[in-house]
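Peer 1: Contents of entry.txt (compact mmCIF, C-alpha atoms) are given next:
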# COMPACT_ATOMS: atom_id res chain seq x y z
CA MET K 796 13.51 20.83 -23.23
CA PRO K 797 12.55 22.19 -19.78
CA LYS K 798 15.28 23.12 -17.31
CA SER K 799 13.60 23.95 -13.96
CA ILE K 800 11.33 21.65 -11.99
CA SER K 801 8.35 23.96 -12.54
CA ASP K 802 9.02 23.78 -16.28
CA TRP K 803 9.20 20.00 -16.02
CA PHE K 804 5.84 19.93 -14.28
CA LYS K 805 4.34 21.88 -17.17
CA TYR K 806 5.95 19.49 -19.65
CA ILE K 807 4.55 16.45 -17.80
CA ASP K 808 1.03 17.92 -17.67
CA GLY K 809 1.19 19.02 -21.30
CA GLN K 810 3.41 17.09 -23.70
CA LEU K 811 4.09 13.93 -21.66
CA ILE K 812 0.58 13.06 -20.45
CA GLY K 813 -0.42 11.67 -23.84
CA GLN K 814 2.63 9.41 -23.93
CA LEU K 815 1.94 8.22 -20.38
CA SER K 816 -1.59 7.25 -21.41
CA GLU K 817 -0.35 5.48 -24.52
CA TRP K 818 2.19 3.43 -22.55
CA ARG K 819 -0.38 2.55 -19.90
CA ARG K 820 -3.06 1.52 -22.39
CA THR K 821 -0.66 -0.68 -24.34
CA LEU K 822 0.42 -2.41 -21.14
CA HIS K 823 -3.21 -2.76 -20.07
CA GLN K 824 -4.08 -4.64 -23.26
CA PHE K 825 -1.33 -7.22 -22.76
CA PRO K 826 -1.28 -8.15 -19.06
CA GLU K 827 0.70 -11.06 -17.63
CA ILE K 828 0.36 -12.70 -14.24
CA SER K 829 3.11 -13.02 -11.63
CA ASN K 830 6.41 -14.57 -12.75
CA GLN K 831 5.23 -14.69 -16.37
CA GLU K 832 5.79 -11.04 -17.30
CA TRP K 833 8.30 -11.72 -20.09
CA GLU K 834 6.45 -9.94 -22.93
CA THR K 835 5.70 -7.00 -20.64
CA VAL K 836 9.42 -6.78 -19.90
CA LYS K 837 10.28 -6.86 -23.62
CA ARG K 838 8.06 -3.84 -24.19
CA LEU K 839 9.45 -1.95 -21.22
CA LYS K 840 13.06 -2.62 -22.19
CA ALA K 841 12.41 -1.57 -25.80
CA TRP K 842 10.92 1.75 -24.68
CA LEU K 843 13.80 2.36 -22.27
CA ARG K 844 16.43 1.50 -24.86
CA ASP K 845 14.77 3.96 -27.24
CA MET K 846 15.57 6.52 -24.52
CA GLU K 847 19.17 5.18 -24.50
CA ILE K 848 18.86 3.99 -20.90
CA ASP K 849 20.96 1.05 -19.72
CA ILE K 850 19.30 -2.10 -18.40
CA MET K 851 20.44 -4.44 -15.62
CA GLU K 852 18.96 -7.91 -16.05
CA PHE K 853 18.77 -10.82 -13.61
CA GLU K 854 18.99 -14.45 -14.67
CA GLY K 855 15.80 -16.46 -14.31
CA MET K 856 13.47 -13.61 -13.35
CA PRO K 857 11.49 -11.07 -15.38
CA GLY K 858 12.22 -8.13 -13.06
CA PHE K 859 14.99 -5.74 -14.08
CA VAL K 860 16.54 -2.37 -13.23
CA ALA K 861 16.97 0.69 -15.46
CA LEU K 862 20.16 2.61 -14.63
CA ILE K 863 20.56 6.36 -15.08
CA PRO K 864 24.02 7.36 -13.81
CA GLY K 865 24.53 10.78 -12.25
CA LEU K 866 27.66 12.56 -11.11
CA THR K 867 27.88 10.71 -7.76
CA ASP K 868 28.02 7.03 -6.86
CA GLU K 869 25.24 7.25 -4.27
CA GLU K 870 21.93 6.14 -5.74
CA ILE K 871 18.24 6.51 -4.97
CA ALA K 872 15.63 4.13 -6.31
CA PHE K 873 12.04 4.25 -7.47
CA ARG K 874 10.07 1.03 -7.83
CA ALA K 875 7.09 -0.11 -9.91
CA ASP K 876 5.43 -3.53 -9.92
CA ILE K 877 4.66 -5.06 -13.31
CA ASP K 878 2.36 -8.08 -12.84
CA ALA K 879 -1.37 -8.38 -13.50
CA LEU K 880 -4.11 -10.50 -11.91
CA PRO K 881 -6.04 -13.63 -12.97
CA ILE K 882 -9.25 -11.63 -13.40
CA GLU K 883 -11.47 -11.43 -16.49
CA GLU K 884 -11.76 -7.84 -17.77
CA GLY K 885 -15.24 -6.46 -17.13
CA LYS K 886 -14.92 -3.12 -18.94
CA ASP K 887 -15.92 -2.33 -22.49
CA CYS K 888 -13.21 0.07 -23.64
CA SER K 889 -10.75 0.45 -26.52
CA TYR K 890 -7.82 -0.65 -24.37
CA ALA K 891 -9.46 -3.67 -22.70
CA SER K 892 -7.28 -6.69 -21.97
CA LYS K 893 -6.68 -8.98 -24.93
CA GLU K 894 -5.61 -11.82 -22.63
CA LEU K 895 -8.47 -14.09 -21.57
CA GLY K 896 -8.82 -14.21 -17.80
CA VAL K 897 -5.96 -11.77 -17.11
CA MET K 898 -6.27 -8.08 -16.28
CA HIS K 899 -4.38 -5.15 -14.81
CA ALA K 900 -6.95 -4.68 -12.04
CA CYS K 901 -4.63 -3.07 -9.49
CA GLY K 902 -2.99 -0.18 -11.31
CA HIS K 903 0.37 -1.77 -12.08
CA ASP K 904 0.05 -0.74 -15.73
CA GLY K 905 -0.09 2.85 -14.46
CA HIS K 906 2.87 2.30 -12.16
CA MET K 907 4.99 1.16 -15.10
CA ALA K 908 3.91 4.17 -17.18
CA ILE K 909 4.83 6.51 -14.32
CA LEU K 910 8.31 5.00 -14.03
CA LEU K 911 8.77 5.26 -17.80
CA GLY K 912 7.78 8.92 -17.63
CA LEU K 913 10.25 9.52 -14.81
CA ALA K 914 12.94 7.78 -16.86
CA LYS K 915 12.30 10.10 -19.80
CA VAL K 916 12.60 13.21 -17.62
CA LEU K 917 15.70 12.02 -15.73
CA LYS K 918 17.47 10.99 -18.94
CA GLU K 919 17.00 14.51 -20.32
CA MET K 920 18.30 15.96 -17.05
CA GLN K 921 21.33 13.69 -17.42
CA LEU K 922 21.94 14.97 -20.96
CA GLN K 923 21.72 18.52 -19.61
CA GLY K 924 24.39 17.65 -17.04
CA LYS K 925 21.96 18.24 -14.16
CA LEU K 926 21.64 14.68 -12.85
CA LYS K 927 23.87 14.65 -9.79
CA ARG K 928 22.40 11.68 -7.96
CA SER K 929 22.40 8.33 -9.78
CA VAL K 930 19.02 6.62 -10.11
CA ARG K 931 17.79 3.04 -10.24
CA LEU K 932 14.32 2.40 -11.60
CA ILE K 933 13.21 -1.01 -10.34
CA PHE K 934 10.63 -2.78 -12.51
CA GLN K 935 9.67 -5.60 -10.15
CA HIS K 936 7.86 -8.78 -11.09
CA SER K 937 5.41 -10.82 -8.99
CA GLU K 938 4.14 -8.38 -6.39
CA GLU K 939 0.75 -10.08 -6.37
CA GLN K 940 1.99 -13.58 -5.58
CA VAL K 941 3.81 -14.60 -2.40
CA PRO K 942 6.80 -14.87 -1.92
CA GLY K 943 6.92 -11.93 -4.33
CA GLY K 944 9.64 -10.53 -6.55
CA ALA K 945 11.27 -8.10 -4.14
CA ILE K 946 13.41 -10.61 -2.23
CA PRO K 947 14.98 -12.33 -5.28
CA MET K 948 15.68 -8.96 -6.90
CA ILE K 949 17.31 -7.63 -3.73
CA GLU K 950 19.40 -10.81 -3.38
CA ALA K 951 20.46 -10.51 -7.03
CA GLY K 952 21.80 -6.98 -6.43
CA ALA K 953 18.94 -4.74 -7.56
CA LEU K 954 19.61 -2.17 -4.83
CA GLY K 955 23.32 -1.67 -5.57
CA ASN K 956 24.44 1.47 -3.75
CA VAL K 957 20.90 2.74 -3.16
CA LYS K 958 20.48 4.84 0.01
CA ARG K 959 16.76 5.64 -0.27
CA ILE K 960 13.85 3.97 -2.06
CA PHE K 961 10.39 5.26 -2.95
CA GLY K 962 7.23 3.65 -4.26
CA LEU K 963 3.65 4.64 -4.96
CA HIS K 964 0.34 2.97 -5.62
CA LEU K 965 -2.49 4.39 -7.71
CA TRP K 966 -5.46 4.16 -5.37
CA SER K 967 -9.05 4.20 -6.57
CA SER K 968 -10.40 4.89 -3.06
CA LEU K 969 -8.75 8.32 -3.23
CA GLU K 970 -10.11 10.92 -5.62
CA ILE K 971 -7.82 12.34 -8.28
CA GLY K 972 -5.86 15.28 -6.88
CA LYS K 973 -5.27 13.72 -3.47
CA ILE K 974 -2.30 11.87 -1.98
CA GLY K 975 -2.44 9.46 0.95
CA ILE K 976 0.60 8.91 3.15
CA ARG K 977 1.48 8.20 6.77
CA PRO K 978 4.65 7.68 8.82
CA GLY K 979 5.19 4.26 10.38
CA VAL K 980 3.07 1.23 9.57
CA MET K 981 0.94 1.90 6.50
CA MET K 982 0.02 -1.54 5.12
CA ALA K 983 -0.47 -4.88 6.85
CA ALA K 984 1.38 -8.16 7.00
CA ALA K 985 -0.46 -10.46 4.61
CA ASP K 986 -0.51 -14.19 5.42
CA ARG K 987 -2.55 -17.03 3.97
CA PHE K 988 -3.48 -20.51 5.07
CA ILE K 989 -4.80 -23.78 3.65
CA ILE K 990 -6.79 -26.26 5.74
CA ASN K 991 -7.35 -29.77 4.38
CA ILE K 992 -9.91 -31.86 6.29
CA GLN K 993 -10.14 -35.63 5.83
CA GLY K 994 -13.27 -37.41 6.99
CA LYS K 995 -15.20 -40.47 5.86
CA GLY K 996 -17.61 -40.24 2.98
CA GLY K 997 -20.81 -42.15 2.44
CA HIS K 998 -24.42 -42.08 1.32
CA GLY K 999 -26.48 -39.04 2.27
CA SER K 1000 -29.15 -41.30 3.76
CA MET K 1001 -26.72 -42.94 6.21
CA PRO K 1002 -24.84 -40.10 7.94
CA HIS K 1003 -24.13 -42.23 11.02
CA GLN K 1004 -21.62 -44.22 8.96
CA THR K 1005 -19.63 -41.13 7.95
CA VAL K 1006 -17.46 -38.30 9.18
CA ASP K 1007 -19.05 -35.37 7.36
CA THR K 1008 -16.31 -32.93 6.36
CA ILE K 1009 -18.84 -30.24 5.39
CA ILE K 1010 -20.10 -30.20 8.97
CA VAL K 1011 -16.51 -30.14 10.26
CA ALA K 1012 -15.55 -27.34 7.85
CA SER K 1013 -18.55 -25.24 8.86
CA GLN K 1014 -17.62 -25.59 12.53
CA VAL K 1015 -14.02 -24.65 11.75
CA ILE K 1016 -15.17 -21.54 9.87
CA GLN K 1017 -17.46 -20.41 12.68
CA SER K 1018 -14.82 -21.03 15.32
CA LEU K 1019 -12.05 -19.23 13.44
CA GLN K 1020 -14.20 -16.09 13.36
CA THR K 1021 -13.99 -15.91 17.17
CA ILE K 1022 -10.21 -15.36 17.08
CA VAL K 1023 -10.34 -11.68 16.18
CA SER K 1024 -13.55 -10.99 18.09
CA ARG K 1025 -12.61 -12.81 21.31
CA ASN K 1026 -8.83 -13.36 21.43
CA ILE K 1027 -7.35 -10.16 19.99
CA ASN K 1028 -7.28 -6.89 21.91
CA PRO K 1029 -9.92 -4.65 20.28
CA LEU K 1030 -7.31 -1.88 20.07
CA ASP K 1031 -5.06 -4.07 17.87
CA SER K 1032 -6.25 -4.36 14.26
CA ALA K 1033 -6.57 -7.78 12.63
CA VAL K 1034 -8.58 -9.50 9.91
CA LEU K 1035 -9.17 -13.22 9.34
CA SER K 1036 -11.17 -14.13 6.24
CA ILE K 1037 -12.03 -17.45 4.61
CA GLY K 1038 -11.80 -17.05 0.85
CA THR K 1039 -12.65 -20.47 -0.56
CA VAL K 1040 -14.51 -23.61 0.54
CA HIS K 1041 -14.36 -26.76 -1.57
CA ALA K 1042 -16.15 -29.99 -0.64
CA GLY K 1043 -18.52 -32.54 -2.09
CA THR K 1044 -19.31 -34.01 -5.50
CA ASN K 1045 -23.06 -34.72 -5.50
CA PHE K 1046 -26.30 -33.89 -3.68
CA ASN K 1047 -26.65 -37.31 -2.03
CA ILE K 1048 -23.01 -38.02 -1.15
CA ILE K 1049 -21.47 -36.97 2.17
CA ALA K 1050 -18.09 -35.46 1.37
CA ASP K 1051 -14.97 -37.21 2.65
CA LYS K 1052 -12.71 -34.20 1.98
CA ALA K 1053 -12.95 -30.44 2.44
CA LYS K 1054 -10.49 -27.68 1.71
CA LEU K 1055 -10.56 -24.15 3.12
CA THR K 1056 -8.26 -21.27 2.22
CA GLY K 1057 -8.05 -17.87 3.85
CA THR K 1058 -5.98 -14.86 4.75
CA VAL K 1059 -4.80 -13.13 7.92
CA ARG K 1060 -3.92 -9.41 8.01
CA THR K 1061 -2.13 -7.85 10.99
CA PHE K 1062 0.20 -4.99 11.91
CA LEU K 1063 1.86 -6.18 15.13
CA PRO K 1064 4.20 -9.22 15.10
CA GLU K 1065 2.80 -10.51 18.40
CA VAL K 1066 -0.76 -10.39 17.04
CA ARG K 1067 0.39 -12.15 13.88
CA ALA K 1068 1.95 -14.95 15.96
CA GLN K 1069 -1.09 -15.20 18.25
CA ILE K 1070 -3.53 -15.66 15.35
CA LYS K 1071 -1.32 -18.27 13.71
CA GLN K 1072 -1.21 -20.24 16.97
CA ARG K 1073 -4.96 -19.97 17.57
CA ILE K 1074 -5.78 -21.19 14.05
CA ASP K 1075 -3.72 -24.30 14.70
CA GLU K 1076 -5.33 -24.90 18.10
CA ILE K 1077 -8.90 -24.43 16.89
CA VAL K 1078 -8.57 -26.55 13.75
CA THR K 1079 -6.91 -29.34 15.75
CA LEU K 1080 -9.59 -29.40 18.45
CA VAL K 1081 -12.59 -29.10 16.11
CA CYS K 1082 -11.34 -31.89 13.87
CA LYS K 1083 -10.61 -34.07 16.89
CA THR K 1084 -14.15 -33.47 18.19
CA TYR K 1085 -15.64 -34.86 14.95
CA ASN K 1086 -13.07 -37.66 14.45
CA ALA K 1087 -11.65 -35.99 11.36
CA GLU K 1088 -8.01 -35.60 10.39
CA HIS K 1089 -6.47 -32.43 9.00
CA THR K 1090 -3.41 -30.65 7.70
CA LEU K 1091 -2.80 -26.93 8.16
CA ILE K 1092 -0.45 -25.04 5.87
CA TYR K 1093 0.25 -21.51 7.10
CA ILE K 1094 2.21 -19.26 4.73
CA GLU K 1095 3.65 -16.06 6.14
CA GLY K 1096 3.48 -13.38 3.47
CA TYR K 1097 4.88 -9.90 3.24
CA PRO K 1098 5.74 -7.98 6.42
CA PRO K 1099 3.98 -4.65 7.03
CA VAL K 1100 4.89 -1.63 4.91
CA ASN K 1101 6.62 0.61 7.44
CA ASN K 1102 7.43 4.14 6.32
CA HIS K 1103 10.58 5.67 7.76
CA GLU K 1104 9.39 8.41 10.11
CA SER K 1105 11.71 11.35 9.32
CA LEU K 1106 11.95 10.41 5.64
CA THR K 1107 8.15 10.51 5.41
CA GLU K 1108 8.21 14.08 6.72
CA GLU K 1109 10.73 15.03 4.04
CA VAL K 1110 8.72 13.33 1.30
CA THR K 1111 5.47 14.97 2.43
CA ALA K 1112 7.14 18.38 2.17
CA GLU K 1113 8.22 17.61 -1.39
CA LEU K 1114 4.78 16.29 -2.36
CA SER K 1115 3.31 19.66 -1.33
CA LYS K 1116 5.08 21.07 -4.41
CA VAL K 1117 2.82 18.83 -6.52
CA ILE K 1118 -0.47 18.88 -4.58
CA ASP K 1119 -1.85 21.52 -2.23
CA THR K 1120 -1.07 20.61 1.37
CA GLN K 1121 -4.75 20.23 2.29
CA ASN K 1122 -5.02 17.42 -0.29
CA ILE K 1123 -2.14 15.43 1.23
CA ILE K 1124 -3.98 13.19 3.64
CA GLN K 1125 -2.52 11.21 6.52
CA ILE K 1126 -4.51 8.07 5.88
CA PRO K 1127 -5.23 5.32 8.40
CA PRO K 1128 -3.33 2.05 7.91
CA VAL K 1129 -4.62 -0.22 5.13
CA MET K 1130 -5.11 -3.97 5.54
CA GLY K 1131 -3.73 -4.70 2.06
CA GLY K 1132 -0.21 -6.10 1.75
CA GLU K 1133 2.77 -5.04 -0.38
CA ASP K 1134 6.24 -6.53 -0.79
CA PHE K 1135 7.72 -3.03 -1.01
CA SER K 1136 8.14 -3.74 2.71
CA TYR K 1137 11.17 -5.95 1.96
CA TYR K 1138 13.06 -2.99 0.49
CA GLN K 1139 12.25 -0.98 3.60
CA LYS K 1140 13.86 -3.70 5.73
CA ARG K 1141 17.16 -3.03 3.92
CA ILE K 1142 17.15 0.76 3.49
CA PRO K 1143 14.95 3.71 4.47
CA GLY K 1144 11.95 3.96 2.18
CA VAL K 1145 8.56 5.60 1.79
CA PHE K 1146 5.44 4.28 0.09
CA PHE K 1147 2.36 6.42 -0.62
CA PHE K 1148 -0.96 6.40 -2.47
CA VAL K 1149 -1.81 8.64 -5.44
CA GLY K 1150 -5.53 9.26 -5.91
CA ALA K 1151 -6.78 7.70 -9.14
CA GLY K 1152 -10.52 7.58 -8.53
CA ASN K 1153 -13.03 9.84 -10.20
CA HIS K 1154 -16.69 9.29 -9.38
CA ALA K 1155 -17.84 11.73 -12.07
CA LYS K 1156 -16.09 9.59 -14.72
CA GLN K 1157 -17.19 6.35 -13.00
CA PHE K 1158 -13.61 5.41 -12.14
CA ASN K 1159 -14.78 4.29 -8.73
CA TYR K 1160 -14.38 0.51 -8.69
CA PRO K 1161 -11.97 -0.87 -6.06
CA GLN K 1162 -8.67 -2.59 -6.69
CA HIS K 1163 -9.05 -6.20 -7.97
CA HIS K 1164 -12.52 -5.53 -9.41
CA PRO K 1165 -13.19 -6.60 -13.05
CA LYS K 1166 -14.25 -3.03 -13.88
CA TYR K 1167 -11.33 -1.33 -12.14
CA ASP K 1168 -9.92 1.66 -14.02
CA ILE K 1169 -8.08 4.87 -13.25
CA ASP K 1170 -8.33 8.53 -14.10
CA GLU K 1171 -5.24 8.81 -16.27
CA ASP K 1172 -4.49 12.31 -15.01
CA SER K 1173 -3.10 10.43 -12.00
CA LEU K 1174 -0.20 9.29 -14.17
CA ALA K 1175 1.11 12.83 -14.47
CA VAL K 1176 0.65 13.32 -10.72
CA GLY K 1177 2.72 10.20 -10.08
CA VAL K 1178 5.60 11.32 -12.31
CA LYS K 1179 5.63 14.74 -10.67
CA CYS K 1180 5.64 13.19 -7.20
CA PHE K 1181 8.66 11.05 -8.01
CA LEU K 1182 10.43 13.95 -9.73
CA ALA K 1183 9.86 16.26 -6.75
CA ILE K 1184 11.32 13.61 -4.43
CA TYR K 1185 14.29 13.12 -6.73
CA GLU K 1186 15.01 16.85 -6.84
CA LYS K 1187 15.21 16.88 -3.03
CA TYR K 1188 18.07 14.39 -3.06
CA ASN K 1189 19.62 15.64 -6.28
CA ASN K 1190 20.40 18.85 -4.43
CA THR K 1191 21.66 17.13 -1.24
CA GLN K 1192 25.42 16.79 -0.83
CA GLU K 1193 25.30 13.41 0.92
CA ILE K 1194 22.37 11.14 1.70
CA GLY K 1195 24.19 9.08 4.35
Could the structure of this file be written out as C-alpha cells, please?
Peer 2:
Amino acid sequence: MPKSISDWFKYIDGQLIGQLSEWRRTLHQFPEISNQEWETVKRLKAWLRDMEIDIMEFEGMPGFVALIPGLTDEEIAFRADIDALPIEEGKDCSYASKELGVMHACGHDGHMAILLGLAKVLKEMQLQGKLKRSVRLIFQHSEEQVPGGAIPMIEAGALGNVKRIFGLHLWSSLEIGKIGIRPGVMMAAADRFIINIQGKGGHGSMPHQTVDTIIVASQVIQSLQTIVSRNINPLDSAVLSIGTVHAGTNFNIIADKAKLTGTVRTFLPEVRAQIKQRIDEIVTLVCKTYNAEHTLIYIEGYPPVNNHESLTEEVTAELSKVIDTQNIIQIPPVMGGEDFSYYQKRIPGVFFFVGAGNHAKQFNYPQHHPKYDIDEDSLAVGVKCFLAIYEKYNNTQEIG
C-alpha cells in the first residue's frame, strides 16, 4: 500500500476511484429521505466493518460516527450528510433511483462515498502506524429537513474530543477541477414560514357575501415582496420567496381558506430579525384590511455557515496540494443553508465546495433538480482534499 501522501493521491486516482463510484452508485439507487435513512446506514456500517472500523451509534437516530483511533487523544472530524430528497428521478441511467419519488439530488451519495474512501485510506495509515491524530467520521442524518441532524448528534456526543471539523459539498455550479471556499460567512441562515388565512367562502356569483382568501393571499404575496426591496439595506443580502400557494376547491366557489409557505435567507442576525418582524406586521395588517383572520408560523432554520478565518487560510494552503492555486476560488456567499453551521458553533470548522459539474458530459443541472448528477472524478478530488487536510494536523504536535 502507499506510504507518502503523493503515493496516496496516485492510489486514489487509480485504484480507489472505481470503488468510490461503485459505493456512490449503490447509494444513489437506494435513497432515503431525512430521518428515515436506516437502510442507508446498514450499508455504510457494513462497508466500514469490512474495513474493521469501529462504529459509534446513537439511540433513536440513524446518524452515526466511525472511529479511527490514532496515537493521541485529540481528534479531528470530517462530516458527510446521508439523506436524500423527495424528488422523482429524471435521469435515464443504470444507477437511477429505485425508490419512487426519492432521489439523491444534492450530492449526498457522493459525500458518503468520499468519507468511505477517506476511511479506507486512514485505516491503512493506522495499520502502518502512521495515524497520529485520531479521527471521527460523522455520517449525519437529516441535513435537508429542519431542525436537522447535527444538533441531536452533537448533544449525543458525536464530537467527543474533536478540536477541528471539516465538511465539503459537491457543487454542480463549479466545474470539475475547481474548489470554492471563503473565510467568514459562506452560506445563509435558512428560515421558513407558514401563513394560514381564514376568510368566508361562498358562491362565485355573490362575492359581496364573502371574504375572499385568494384576494387576501395575493395581496399578502405582493406586499411581502416589498420587504427586501424597500425595508432592507441594499448592501445587506436577503431573499424572501413564496414556495407554495394552496386555496380553493372549484371554479365557482370563493375559497374560505388559503395557505402560503415560503423561505427567508439572510446572513446578518439583525436582518433576519427585521424580516421576521416585517412579515408578521404585513400579514396582520393585510388580513385586517380584508376582515380575514390568520396564523403565522415562523420557523428559524440553520444559522449561517461561518468559516473560521485563520483555519480557512490553513485549509486553502492544503487544498493547493490537490488543485492548482488558480483553481481554488474565493466564492461569494451562497444563499443555500447547511446545518454544518451547528458544528462550527461548537468548534472551529471549515466548509468548502468541490466542483462536480461538467458541461461537456451534461452534468450541469443544479442541486435539487430531477436530472442532477455529478462528474464522478469529483469523488477522488474530495477524498484527496480531506486527506490533505488530515495530513496537516497529523503532523501537528498539538491542535489546541
Peer 1: Scan for residues within 6 Å of the point (-13.6, -32.2, 3.9) in the coordinates of the file, using all atoms listed in the file, and reply as a list in words.
Peer 2: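 Here is the list of nearby residues: Ile992, Gln993, Thr1008, Ile1009, Ala1042, Asp1051, Lys1052, Ala1053 and Lys1054 of chain K.
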Peer 1: Would you put the residues from that selection into a file with C-alpha atoms, as a PDB file, in the coordinates of the input?
Peer 2:
ATOM      1  CA  ILE K 992      -9.910 -31.860   6.290  1.00  0.00           C
ATOM      2  CA  GLN K 993     -10.140 -35.630   5.830  1.00  0.00           C
ATOM      3  CA  THR K1008     -16.310 -32.930   6.360  1.00  0.00           C
ATOM      4  CA  ILE K1009     -18.840 -30.240   5.390  1.00  0.00           C
ATOM      5  CA  ALA K1042     -16.150 -29.990  -0.640  1.00  0.00           C
ATOM      6  CA  ASP K1051     -14.970 -37.210   2.650  1.00  0.00           C
ATOM      7  CA  LYS K1052     -12.710 -34.200   1.980  1.00  0.00           C
ATOM      8  CA  ALA K1053     -12.950 -30.440   2.440  1.00  0.00           C
ATOM      9  CA  LYS K1054     -10.490 -27.680   1.710  1.00  0.00           C
TER      10      LYS K1054
END
Peer 1: Please report the interatomic distance between CA of Glu1171 (chain K) and CA of His1154 (chain K) in Å with one decimal.
Peer 2: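 Separation between CA of Glu1171 (chain K) and CA of His1154 (chain K): 13.4 Å.
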Peer 1: Tell me, counting only C-alpha atoms, for each residue of region 878-916 of chain K within 6 Å of region 824-827 of chain K, which pair of atoms is nearest and how far apart they are in Å to one decimal, in rows ordered by chain and increasing number, as a tab-separated table.
Peer 2:
residue	atom	partner	partner_atom	distance
K:Asp878	CA	K:Glu827	CA	5.9
K:Ala879	CA	K:Glu827	CA	5.3
K:Tyr890	CA	K:Gln824	CA	5.6
K:Ala891	CA	K:Gln824	CA	5.5
K:Ser892	CA	K:Gln824	CA	4.0
K:Lys893	CA	K:Gln824	CA	5.3
K:Met898	CA	K:Pro826	CA	5.7
Peer 1: Let me see the file: selected residues, C-alpha atoms, as a JSON list (two decimals), keeping the file's coordinate frame.
Peer 2:
[["chain", "number", "residue", "atom", "x", "y", "z"],
["K", 878, "ASP", "CA", 2.36, -8.08, -12.84],
["K", 879, "ALA", "CA", -1.37, -8.38, -13.50],
["K", 890, "TYR", "CA", -7.82, -0.65, -24.37],
["K", 891, "ALA", "CA", -9.46, -3.67, -22.70],
["K", 892, "SER", "CA", -7.28, -6.69, -21.97],
["K", 893, "LYS", "CA", -6.68, -8.98, -24.93],
["K", 898, "MET", "CA", -6.27, -8.08, -16.28]]
Peer 1: Rounded to one decimal place, report the CA of Ala1033 (chain K)-CA of Thr1061 (chain K) distance in Å.
Peer 2: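 Result for CA of Ala1033 (chain K) versus CA of Thr1061 (chain K): 4.7 Å, one decimal.
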Peer 1: Just checking: using all atoms listed in the file, which residue out of K:Ala984, K:His906, K:Ala875, K:Leu963 ends up closest to Arg931 (chain K)?
Peer 2: K:Ala875
Peer 1: I'd like the contact shell of Asp1119 (chain K) - 12 Å cut-off, all atoms listed in the file, skipping same-chain residues fewer than 6 positions apart - returned as a PyMOL selection string.
Peer 2: chain K and resi 972-974+1111-1113
Peer 1: So that I have them on file, write out the residues from the current selection with C-alpha atoms, as an mmCIF file, in the frame of the given file.
Peer 2:
data_model
loop_
_atom_site.group_PDB
_atom_site.id
_atom_site.type_symbol
_atom_site.label_atom_id
_atom_site.label_comp_id
_atom_site.auth_asym_id
_atom_site.auth_seq_id
_atom_site.Cartn_x
_atom_site.Cartn_y
_atom_site.Cartn_z
ATOM 1 C CA GLY K 972 -5.860 15.280 -6.880
ATOM 2 C CA LYS K 973 -5.270 13.720 -3.470
ATOM 3 C CA ILE K 974 -2.300 11.870 -1.980
ATOM 4 C CA THR K 1111 5.470 14.970 2.430
ATOM 5 C CA ALA K 1112 7.140 18.380 2.170
ATOM 6 C CA GLU K 1113 8.220 17.610 -1.390
#
Peer 1: Which residue is closest to His998 (chain K)? Choose from K:Tyr1093, K:Tyr1167, K:Tyr1085, K:Phe1046 and count only C-alpha atoms.
Peer 2: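 Of K:Tyr1093, K:Tyr1167, K:Tyr1085, K:Phe1046, the one nearest His998 (chain K) is K:Phe1046, counting only C-alpha atoms.
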Peer 1: Quick one: residues within 9 Å of region 797-802 of chain K, only C-alpha atoms counted, chain neighbours fewer than 3 positions away excluded, as a list in words?
Peer 2: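 Contacts, with the query itself left out: Lys805, Tyr806, Ile807, Glu919, Met920, Gln923, Lys925, Leu1182, Ala1183 and Glu1186 of chain K.
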Peer 1: Please indicate the distance in Å from CA of Leu895 (chain K) to CA of His823 (chain K), rounded to one decimal place.
Peer 2: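 It comes out at 12.6 Å.
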